[in-house]
$ cat my_file-v3.cif   # mmCIF, C-alpha atoms and all ligand atoms
data_entry
loop_
_atom_site.label_atom_id
_atom_site.label_comp_id
_atom_site.auth_asym_id
_atom_site.auth_seq_id
_atom_site.Cartn_x
_atom_site.Cartn_y
_atom_site.Cartn_z
CA MET G 1 -5.87 0.72 -18.88
CA VAL G 2 -8.50 -0.60 -16.52
CA VAL G 3 -7.17 -3.18 -14.07
CA ARG G 4 -9.73 -5.37 -12.41
CA CYS G 5 -9.41 -5.54 -8.66
CA TYR G 6 -10.68 -8.73 -7.11
CA THR G 7 -8.57 -9.71 -4.08
CA ARG G 8 -11.14 -8.69 -1.51
CA THR G 9 -14.48 -9.08 -3.21
CA MET G 10 -13.97 -12.84 -3.26
CA ILE G 11 -13.43 -12.86 0.48
CA ARG G 12 -16.54 -11.06 1.68
CA MET G 13 -19.59 -10.17 -0.38
CA THR G 14 -21.31 -7.66 1.87
CA GLN G 15 -19.69 -4.66 3.41
CA PRO G 16 -20.83 -1.81 5.62
CA ARG G 17 -20.79 1.54 3.86
CA VAL G 18 -21.46 4.82 5.65
CA VAL G 19 -21.88 7.99 3.60
CA ILE G 20 -20.86 10.85 5.91
CA ALA G 21 -21.18 13.58 3.25
CA GLU G 22 -21.71 13.62 -0.49
CA GLY G 23 -18.77 11.67 -1.94
CA ALA G 24 -17.28 10.78 1.47
CA VAL G 25 -17.75 7.07 2.10
CA HIS G 26 -16.56 5.24 5.22
CA LEU G 27 -16.03 1.49 4.80
CA PRO G 28 -15.52 0.20 8.37
CA SER G 29 -13.47 -3.02 8.68
CA TRP G 30 -13.05 -3.06 4.93
CA MET G 31 -9.70 -4.89 4.96
CA PRO G 32 -9.65 -8.43 6.31
CA VAL G 33 -6.86 -9.05 8.82
CA GLU G 34 -4.83 -10.98 6.21
CA ALA G 35 -4.98 -8.02 3.80
CA GLN G 36 -3.84 -5.69 6.58
CA GLN G 37 -0.91 -7.99 7.32
CA LYS G 38 -0.02 -8.16 3.65
CA ALA G 39 -0.10 -4.35 3.49
CA LEU G 40 2.07 -4.12 6.62
CA HIS G 41 4.60 -6.41 5.00
CA GLU G 42 4.82 -4.01 2.03
CA ILE G 43 5.11 -0.99 4.33
CA ARG G 44 7.95 -2.65 6.26
CA ALA G 45 9.78 -3.39 3.00
CA LEU G 46 9.42 0.28 1.99
CA ALA G 47 10.56 1.41 5.44
CA ASP G 48 13.67 -0.79 5.16
CA GLY G 49 14.40 0.45 1.63
CA GLU G 50 16.81 3.22 0.75
CA ALA G 51 14.11 5.93 0.67
CA GLY G 52 12.41 5.19 4.00
CA PHE G 53 10.38 7.23 6.52
CA TYR G 54 11.40 10.77 7.45
CA THR G 55 9.92 13.63 9.46
CA PRO G 56 8.70 16.34 7.07
CA ILE G 57 9.70 19.88 7.96
CA LEU G 58 7.28 22.52 6.73
CA ARG G 59 8.20 25.82 5.09
CA ASN G 60 7.64 27.62 8.41
CA GLY G 61 10.30 25.36 9.96
CA ALA G 62 7.84 23.29 12.02
CA ARG G 63 8.28 19.54 12.20
CA MET G 64 5.15 17.60 11.29
CA ARG G 65 3.77 15.27 13.96
CA VAL G 66 3.90 12.27 11.64
CA ARG G 67 6.62 10.35 9.85
CA MET G 68 6.05 10.09 6.11
CA LEU G 69 7.04 7.97 3.13
CA CYS G 70 5.90 8.77 -0.40
CA CYS G 71 5.63 6.42 -3.38
CA GLY G 72 5.10 7.27 -7.05
CA ARG G 73 5.73 10.93 -6.42
CA HIS G 74 7.12 12.74 -3.40
CA TRP G 75 5.12 15.42 -1.61
CA ASP G 76 7.59 18.23 -0.87
CA ALA G 77 6.80 19.80 2.53
CA LYS G 78 8.75 22.97 1.66
CA THR G 79 7.05 23.74 -1.66
CA TYR G 80 3.76 21.80 -1.23
CA ARG G 81 4.38 20.35 -4.69
CA TYR G 82 4.73 16.82 -5.98
CA ASP G 83 8.16 15.92 -7.33
CA LEU G 84 9.82 12.72 -8.58
CA LEU G 85 12.70 13.35 -6.15
CA ARG G 86 12.78 13.85 -2.36
CA THR G 87 14.37 17.27 -2.80
CA ASP G 88 13.51 18.50 0.72
CA VAL G 89 14.73 15.25 2.35
CA ASP G 90 17.68 13.49 0.69
CA GLY G 91 17.30 13.89 -3.08
CA LEU G 92 16.49 10.21 -3.62
CA PRO G 93 13.77 9.22 -6.09
CA ALA G 94 10.40 8.24 -4.63
CA PRO G 95 10.00 4.45 -4.87
CA PRO G 96 7.16 3.04 -7.00
CA ILE G 97 3.78 2.18 -5.45
CA PRO G 98 3.82 -1.52 -4.51
CA GLU G 99 1.38 -3.38 -6.75
CA VAL G 100 -0.40 -5.12 -3.84
CA LEU G 101 -1.18 -1.75 -2.26
CA ARG G 102 -2.24 -0.13 -5.54
CA GLN G 103 -4.67 -2.97 -6.08
CA LEU G 104 -6.20 -2.55 -2.61
CA ALA G 105 -6.80 1.13 -3.30
CA CYS G 106 -8.55 0.40 -6.60
CA GLU G 107 -10.85 -2.06 -4.88
CA ALA G 108 -11.68 0.34 -2.05
CA ALA G 109 -12.56 3.06 -4.57
CA GLU G 110 -14.75 0.58 -6.42
CA SER G 111 -16.48 -0.48 -3.18
CA ALA G 112 -17.48 3.15 -2.69
CA GLY G 113 -18.68 3.58 -6.26
CA PHE G 114 -15.63 5.47 -7.55
CA SER G 115 -12.77 4.59 -9.80
CA LEU G 116 -9.15 5.58 -9.21
CA GLU G 117 -5.85 5.10 -11.02
CA PRO G 118 -3.46 6.14 -8.25
CA ASP G 119 0.02 7.42 -9.12
CA VAL G 120 0.88 8.66 -5.62
CA LEU G 121 0.80 6.92 -2.25
CA LEU G 122 1.56 8.81 0.96
CA VAL G 123 2.20 6.63 3.99
CA ASN G 124 1.86 8.46 7.30
CA TRP G 125 3.00 6.91 10.58
CA TYR G 126 1.57 8.27 13.83
CA GLY G 127 3.04 7.52 17.24
CA ALA G 128 0.97 7.93 20.42
CA GLU G 129 1.45 11.72 20.21
CA GLY G 130 0.93 11.91 16.46
CA ARG G 131 -1.63 14.23 14.93
CA MET G 132 -2.34 16.30 11.83
CA GLY G 133 -4.00 19.69 11.93
CA LEU G 134 -7.07 20.56 9.90
CA HIS G 135 -6.11 21.07 6.25
CA GLN G 136 -7.22 20.59 2.65
CA ASP G 137 -5.50 18.33 0.11
CA LYS G 138 -5.17 20.62 -2.88
CA ASP G 139 -1.66 20.02 -4.19
CA GLU G 140 -2.77 17.57 -6.87
CA ARG G 141 -3.36 18.77 -10.46
CA PRO G 142 -6.38 21.11 -10.71
CA GLU G 143 -7.98 19.01 -13.49
CA ILE G 144 -7.84 15.94 -11.28
CA ILE G 145 -9.30 17.73 -8.27
CA ALA G 146 -12.07 19.27 -10.40
CA SER G 147 -12.94 15.89 -11.91
CA GLY G 148 -13.98 14.49 -8.51
CA VAL G 149 -11.50 11.58 -8.61
CA PRO G 150 -11.26 10.40 -4.99
CA ILE G 151 -8.48 10.05 -2.46
CA VAL G 152 -8.55 6.61 -0.82
CA SER G 153 -7.39 6.23 2.79
CA LEU G 154 -6.54 2.92 4.50
CA SER G 155 -5.87 2.75 8.26
CA ILE G 156 -3.75 0.08 9.97
CA GLY G 157 -2.78 -0.19 13.65
CA ASP G 158 -4.00 2.04 16.47
CA ALA G 159 -7.34 3.81 16.12
CA ALA G 160 -7.43 7.54 15.38
CA ILE G 161 -9.91 10.33 15.97
CA PHE G 162 -10.48 11.75 12.50
CA GLU G 163 -11.98 15.20 12.00
CA PHE G 164 -13.97 15.88 8.87
CA GLY G 165 -15.07 19.43 8.18
CA GLY G 166 -16.42 21.29 5.20
CA ALA G 167 -15.22 23.44 2.34
CA ARG G 168 -14.47 26.32 4.72
CA ARG G 169 -12.09 26.05 7.65
CA LYS G 170 -14.79 27.38 10.00
CA ASP G 171 -17.36 24.78 8.98
CA PRO G 172 -18.38 22.36 11.75
CA VAL G 173 -16.40 19.12 11.99
CA GLN G 174 -17.61 15.56 12.49
CA ARG G 175 -15.37 13.36 14.62
CA ILE G 176 -15.10 9.76 13.48
CA ARG G 177 -13.03 7.03 15.06
CA LEU G 178 -11.01 5.24 12.39
CA GLU G 179 -10.05 1.67 13.27
CA SER G 180 -7.47 -0.68 11.85
CA GLY G 181 -8.82 -2.07 8.58
CA ASP G 182 -11.10 0.85 7.80
CA ALA G 183 -11.13 2.35 4.33
CA PHE G 184 -12.38 5.84 3.55
CA VAL G 185 -13.01 7.28 0.12
CA PHE G 186 -13.19 11.04 -0.41
CA GLY G 187 -14.37 12.02 -3.86
CA GLY G 188 -16.87 14.22 -5.60
CA SER G 189 -17.85 17.32 -3.66
CA SER G 190 -16.01 16.21 -0.47
CA ARG G 191 -12.63 16.19 -2.20
CA LEU G 192 -11.62 19.65 -0.93
CA ASN G 193 -13.15 19.38 2.53
CA HIS G 194 -11.01 20.22 5.55
CA HIS G 195 -9.85 17.25 7.59
CA GLY G 196 -7.26 16.18 10.14
CA ILE G 197 -6.27 13.71 12.83
CA ALA G 198 -7.01 15.03 16.32
CA SER G 199 -5.38 12.17 18.23
CA ILE G 200 -4.31 8.56 18.28
CA VAL G 201 -5.88 6.06 20.66
CA ALA G 202 -2.66 4.30 21.67
CA GLY G 203 -2.65 0.56 22.25
CA THR G 204 -5.92 -0.13 20.38
CA GLY G 205 -4.48 -1.80 17.26
CA PRO G 206 -4.63 -5.57 16.70
CA ARG G 207 -2.00 -7.02 19.05
CA GLU G 208 -1.01 -9.76 16.62
CA PHE G 209 0.31 -7.17 14.13
CA GLY G 210 3.09 -6.19 16.50
CA VAL G 211 2.98 -2.60 15.25
CA ALA G 212 3.34 0.50 17.35
CA GLY G 213 1.16 3.43 16.43
CA ARG G 214 -0.90 3.90 13.30
CA TYR G 215 -0.21 3.76 9.58
CA ASN G 216 -2.41 5.67 7.19
CA LEU G 217 -2.11 5.18 3.47
CA THR G 218 -3.58 7.79 1.13
CA PHE G 219 -3.73 6.93 -2.56
CA ARG G 220 -4.03 9.81 -4.95
CA GLN G 221 -4.14 10.63 -8.60
CA TYR G 222 -1.74 13.47 -9.27
C1 LIG Q 301 -10.89 14.25 3.25
N1 LIG Q 301 -4.05 12.04 6.24
O1 LIG Q 301 -2.24 12.59 4.31
S1 LIG Q 301 -6.67 10.29 5.88
C2 LIG Q 301 -3.18 13.38 4.46
O2 LIG Q 301 -5.04 9.74 8.65
C3 LIG Q 301 -4.18 13.15 5.54
O3 LIG Q 301 -3.10 10.30 7.90
C4 LIG Q 301 -4.89 11.73 7.38
O4 LIG Q 301 -5.03 13.96 5.73
C5 LIG Q 301 -4.31 10.49 8.01
O5 LIG Q 301 -3.35 14.39 3.75
C6 LIG Q 301 -6.32 11.58 7.02
C7 LIG Q 301 -8.29 10.76 5.44
C8 LIG Q 301 -8.40 11.78 4.37
C9 LIG Q 301 -7.49 11.86 3.35
C10 LIG Q 301 -7.69 12.75 2.30
C11 LIG Q 301 -8.82 13.57 2.26
C12 LIG Q 301 -9.51 12.59 4.34
C13 LIG Q 301 -9.74 13.46 3.29
C14 LIG Q 301 -9.07 14.44 1.20
C15 LIG Q 301 -10.21 15.20 1.19
C16 LIG Q 301 -11.11 15.11 2.22
FE FE Q 302 -5.11 15.31 4.03
#
$ encode --input "my_file-v3.cif" --output "structure tokens" --more "lines below"
Ligand code: MD3
Ligand code: FE
Amino acid sequence: MVVRCYTRTMIRMTQPRVVIAEGAVHLPSWMPVEAQQKALHEIRALADGEAGFYTPILRNGARMRVRMLCCGRHWDAKTYRYDLLRTDVDGLPAPPIPEVLRQLACEAAESAGFSLEPDVLLVNWYGAEGRMGLHQDKDERPEIIASGVPIVSLSIGDAAIFEFGGARRKDPVQRIRLESGDAFVFGGSSRLNHHGIASIVAGTGPREFGVAGRYNLTFRQY
């Protein structure tokens, strides 16, 4: 089923679009402040729900430097597989993706010339010391990855220094500052590129949000 996404397009007709590599499209300030606040409201409801944020512990025993909350399916930090249950955390089922957020992701994909039917949402929360080492996202189904379907990222709160590399770990990285309201779409031949978050620029988020740190939402098709 194709669901039309229209919430944002009626608000602003032109939008900056920066192609940083084939299939990797940065949409700076893509979310209006009201859309960011609406998204924050949904994130807070998820956080207050039964299956809230947790600190993932990797198979090598290391704690990740982010807190995470998965919707649709749970990303298991021990097995690197997607599961309906939070087996490595508390065994609870992953809550569904909130409709408001799913819709935003569809629109962002469309703004970048892609189409996405997300069934997974990973919410990462970064405190001032938060970061994520260079990695590839390759735990989704091989057919989906091969098809070039994108991952959509939405940033809310403090800015972050994002690193975007290439297909090989040793490839040079571009550093891009991601601000609150930015959307980023990674599809096509950029889908398996290495990437990470080098640091958070604490205290740079919109004050009126009253949020500490940074939320990043990645929408995926499993
Ligand atoms: C480039 N999250 O959850 S989002 C992740 O800001 C992740 O929390 C970071 O990397 C964050 O896996 C970066 C930007 C991003 C997401 C997925 C990508 C960049 C990507 C997939 C392929 C290439
Ligand atoms: Fe990633």
$ residues_near_ligand --input "my_file-v3.cif" --ligand "ligand LIG 301 (chain Q)" --cutoff "8 Å" --atoms "all atoms listed in the file" --output "number ranges by chain"
G: 24, 122-126, 132, 135-137, 150-155, 160, 162, 164, 184-187, 190-197, 215-218
$ residues_near_point --input "my_file-v3.cif" --point "(14.1, 6.0, 0.4)" --cutoff "8 Å" --atoms "only C-alpha atoms" --output "list in words"
Leu46, Ala47, Gly49, Glu50, Ala51, Gly52, Phe53, Leu69, Leu92, Pro93, Ala94 and Pro95 of chain G
$ closest_residue --input "my_file-v3.cif" --among "G:Gly148, G:Pro118, G:Gly165, G:Gly23" --to "ligand FE 302 (chain Q)" --atoms "only C-alpha atoms and all ligand atoms"
G:Gly165
$ closest_residue --input "my_file-v3.cif" --among "G:Leu104, G:Ala109, G:Ala77, G:Leu178" --to "G:Ile156" --atoms "all atoms listed in the file"
G:Leu178
$ atom_distance --input "my_file-v3.cif" --atom1 "atom CA of G:Cys70" --atom2 "atom CA of G:Asp139"
14.1 Å
$ atom_distance --input "my_file-v3.cif" --atom1 "atom CA of G:Met31" --atom2 "atom CA of G:Val66"
22.9 Å
$ closest_residue --input "my_file-v3.cif" --among "G:Ser189, G:Ala212, G:Glu140, G:Val201" --to "ligand FE 302 (chain Q)" --atoms "all atoms listed in the file"
G:Glu140
$ atom_distance --input "my_file-v3.cif" --atom1 "atom CA of G:Leu58" --atom2 "atom CA of G:Arg86"
13.7 Å
$ axis_aligned_box --input "my_file-v3.cif" --around "stretch 54-68 of chain G" --padding-each-side "3 Å" --output "JSON"
{"center_x": 7.6, "center_y": 18.9, "center_z": 9.5, "size_x": 13.6, "size_y": 23.5, "size_z": 14.9}
$ residues_near_point --input "my_file-v3.cif" --point "(7.5, 17.5, -1.2)" --cutoff "10 Å" --atoms "only C-alpha atoms" --output "list in words"
Pro56, Ile57, Leu58, Cys70, Arg73, His74, Trp75, Asp76, Ala77, Lys78, Thr79, Tyr80, Arg81, Tyr82, Asp83, Leu84, Leu85, Arg86, Thr87, Asp88, Val89 and Asp139 of chain G
$ closest_residue --input "my_file-v3.cif" --among "G:Arg207, G:Arg131, G:Arg175, G:Lys38" --to "ligand FE 302 (chain Q)" --atoms "all atoms listed in the file"
G:Arg131
$ closest_residue --input "my_file-v3.cif" --among "G:Glu22, G:Asp171, G:Asp182, G:Glu163" --to "ligand FE 302 (chain Q)" --atoms "all atoms listed in the file"
G:Glu163
$ closest_residue --input "my_file-v3.cif" --among "G:Ser29, G:Gln37, G:Gln15, G:Gln221" --to "G:Ile144" --atoms "only C-alpha atoms"
G:Gln221
